[in-house]
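*Asks:* Here it is, the structure, as structure tokens.
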Amino acid sequence: MVKPLMSTELAQSSTAASVFAVTLDSPVERQSALHQHARGQLLGARRGLLSVDAADHHWVVPVTHAVWIPPDCLHGLRSHGPFHGWSVYVAAPACAGLPQQPCIIATSGLLREAVDRAATWGGGALDQRQDRIAQLILDEIAASPADPFGLPLPQDPRLRRIIQALVDDLADHRSLEQWAQWGGVSARTLARRFVSETGFTFSQWRQRARLLRALELLAAGEVVTTIALELGYENISAFIAMFRRAFGVTPGRYFIAGF
């Protein structure tokens with residue numbers, strides 16, 4: 001059983017601090033079953049891709065983004081490999097000006113720094129300085145528009161099993177037909193259901209998953225050659241060309257350009 005990030009009592013509390021944050025550094029994959037709590041939650045990672053289920057939404061989320069989950073919304077997550085994650089918990093009354101539906105937002109450096117500071121507080125009453133930082137976190141969440149950047153996950157359990165294995169090793173070059181055989185589904189069904197449940201073809205979905213991983217590795221300071229090899233590109237130029245088609249800049253200039 002996975003140890004929760006915080007006690008159930010604190011997650012459900014309406015009398016503790018209006019905003020508190022926690023961090024977790026896990027050397028292995030982390031998975032939490034579907035659950036809900038009275039507080040809203042913003043969750044993200046400094047390292048590791050996340051698969052997140054929230055209400056009827058299913059996403060793969062990179063380190064550049066975070067997921068907002070309103071109070072009492074059923075949700076769960078899984079990391080792909082080692083994971084350094086963070087969460088902000090917001091008391092229900094303080095969620096009034098925040099999104100009412102689960103969504104993905106791009107996280108600013110200001111928000112991440114404020115979360116790191118809040119994670120040192122614990123769940124007690126806030127002093128005036130801490131209260132200002134808590135309000136800054138709320139303001140940053142409210143000011144961040146919903147972003148469709150996350151990668152939708154299919155609901156069909158056969159497809160979910162395939163994509164979980166695929167995201168665990170994005171350098172795997174097996175074809176749609178080979179994945180279908182591995183997953184016990186016909187290639188025609190796999191292709192059709194991928195489009196109907198995610199809006200992407202199988203190859204488009206895999207390419208976008210690789211882009212998300214590339215952003216994660218770029219944010220961690222990895223060099224472009226290492227990233228291309230980790231994603232299964234023998235030709236680095238092909239990786240750079242794919243990245244430029246998607247974002248309009250080369251990998252080396254992505255964060256310089258302010259994306």
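Note on naming: chains are A, B, ... as they come in the structure tokens, residues start from 1 per chain, ligands start from 1 in the order shown.
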Give me every strand (DSSP E) residue in segment 56-148 of chain A, going by DSSP on the backbone, as a PyMOL selection string.

*Replies:* chain A and resi 57-61+65-69+75-79+83-90+103-106

*Asks:* Could you turn the residues from that selection into a file that holds C-alpha atoms, as an mmCIF file, in the first residue's frame?

*Replies:*
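Saved the output as again-v9.cif:
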```cif
data_model
loop_
_atom_site.group_PDB
_atom_site.id
_atom_site.type_symbol
_atom_site.label_atom_id
_atom_site.label_comp_id
_atom_site.auth_asym_id
_atom_site.auth_seq_id
_atom_site.Cartn_x
_atom_site.Cartn_y
_atom_site.Cartn_z
ATOM 1 C CA HIS A 57 -10.289 13.179 -17.563
ATOM 2 C CA HIS A 58 -7.230 11.029 -18.224
ATOM 3 C CA TRP A 59 -3.862 12.657 -18.939
ATOM 4 C CA VAL A 60 -0.135 12.162 -19.186
ATOM 5 C CA VAL A 61 1.424 15.300 -17.687
ATOM 6 C CA HIS A 65 2.655 21.464 -16.115
ATOM 7 C CA ALA A 66 0.456 20.557 -13.150
ATOM 8 C CA VAL A 67 -3.078 19.243 -12.634
ATOM 9 C CA TRP A 68 -5.709 21.118 -10.657
ATOM 10 C CA ILE A 69 -8.251 18.881 -8.908
ATOM 11 C CA HIS A 75 -8.687 11.130 -8.767
ATOM 12 C CA GLY A 76 -5.599 8.936 -8.842
ATOM 13 C CA LEU A 77 -2.126 8.977 -10.342
ATOM 14 C CA ARG A 78 0.815 6.885 -11.437
ATOM 15 C CA SER A 79 4.389 7.992 -12.037
ATOM 16 C CA PHE A 83 9.393 10.573 -9.135
ATOM 17 C CA HIS A 84 9.931 13.845 -7.313
ATOM 18 C CA GLY A 85 6.486 15.298 -6.810
ATOM 19 C CA TRP A 86 4.705 18.108 -5.027
ATOM 20 C CA SER A 87 1.144 18.936 -4.072
ATOM 21 C CA VAL A 88 -0.665 22.016 -2.828
ATOM 22 C CA TYR A 89 -3.847 21.477 -0.811
ATOM 23 C CA VAL A 90 -6.429 24.260 -0.695
ATOM 24 C CA CYS A 103 -7.625 20.944 -15.696
ATOM 25 C CA ILE A 104 -3.961 21.216 -16.633
ATOM 26 C CA ILE A 105 -2.038 24.460 -16.139
ATOM 27 C CA ALA A 106 1.491 25.521 -17.083
#
```

*Asks:* Would you kindly return, as number ranges by chain, each protein, DNA or RNA residue with an atom no farther than 12 Å from any atom of Ala171 of chain A, considering only C-alpha atoms and excluding same-chain residues fewer than 5 positions away?

*Replies:* A: 165-166, 206-207, 209-210, 213-214, 227-234

*Asks:* Do a neighbour search on Ala143 of chain A at 10 Å with only C-alpha atoms, toss out local chain neighbours closer than 6 positions, and write the hits as an MDAnalysis selection string.

*Replies:* chainID A and resid 97:98 105 137

*Asks:* Nearest residue to His173 of chain A out of A:Ser203, A:Ala238, A:Val22, A:Leu50, using only C-alpha atoms?

*Replies:*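 Smallest separation from His173 of chain A among the options: A:Ser203.
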
*Asks:* How far is it from atom CA of Ala241 of chain A to atom CA of Leu211 of chain A, in Å with one decimal?

*Replies:*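 Atom CA of Leu211 of chain A lies at a distance of 11.8 Å from atom CA of Ala241 of chain A.
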
*Asks:* Between atom CA of Ile162 of chain A and atom CA of Phe243 of chain A, what distance in Å does the model show, to one decimal?

*Replies:*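 According to the coordinates, atom CA of Ile162 of chain A and atom CA of Phe243 of chain A are separated by 24.1 Å.
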
*Asks:* Identify all residues of segment 32-249 of chain A in helix (DSSP H, G or I) (DSSP on the backbone) and supply them as JSON, numbers by chain.

*Replies:* {"A": [92, 93, 94, 95, 109, 110, 111, 112, 113, 114, 115, 116, 117, 118, 128, 129, 130, 131, 132, 133, 134, 135, 136, 137, 138, 139, 140, 141, 142, 143, 157, 158, 159, 160, 161, 162, 163, 164, 165, 166, 167, 168, 176, 177, 178, 179, 180, 181, 182, 183, 187, 188, 189, 190, 191, 192, 193, 194, 195, 196, 197, 198, 202, 203, 204, 205, 206, 207, 208, 209, 210, 211, 212, 213, 214, 215, 216, 217, 218, 219, 224, 225, 226, 227, 228, 229, 230, 236, 237, 238, 239, 240, 241, 242, 243, 244, 245, 246, 247]}

*Asks:* Could you name the residues that touch Asp156 of chain A at 12 Å or less, counting only C-alpha atoms, but leaving out those on the same chain fewer than 4 positions away, as number ranges by chain?

*Replies:* A: 58, 160-163, 183, 185, 189-190, 192-198

*Asks:* Those residues you just picked out, can you put them in a file as an mmCIF file, in the first residue's frame with C-alpha atoms?

*Replies:*
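part.cif, written as the output of this step:
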```cif
data_model
loop_
_atom_site.group_PDB
_atom_site.id
_atom_site.type_symbol
_atom_site.label_atom_id
_atom_site.label_comp_id
_atom_site.auth_asym_id
_atom_site.auth_seq_id
_atom_site.Cartn_x
_atom_site.Cartn_y
_atom_site.Cartn_z
ATOM 1 C CA HIS A 58 -7.230 11.029 -18.224
ATOM 2 C CA ARG A 160 -4.428 1.537 -21.040
ATOM 3 C CA ARG A 161 -2.181 -1.502 -20.520
ATOM 4 C CA ILE A 162 -0.475 -0.842 -23.861
ATOM 5 C CA ILE A 163 0.103 2.862 -23.307
ATOM 6 C CA GLY A 183 -2.110 -6.401 -25.747
ATOM 7 C CA VAL A 185 -6.519 -6.818 -29.268
ATOM 8 C CA THR A 189 -9.695 -2.255 -32.987
ATOM 9 C CA LEU A 190 -6.588 -0.705 -31.462
ATOM 10 C CA ARG A 192 -10.042 2.741 -34.136
ATOM 11 C CA ARG A 193 -10.341 3.005 -30.364
ATOM 12 C CA PHE A 194 -7.188 5.084 -30.053
ATOM 13 C CA VAL A 195 -8.720 7.774 -32.231
ATOM 14 C CA SER A 196 -12.178 7.605 -30.644
ATOM 15 C CA GLU A 197 -10.879 7.688 -27.044
ATOM 16 C CA THR A 198 -7.915 10.076 -27.315
#
```
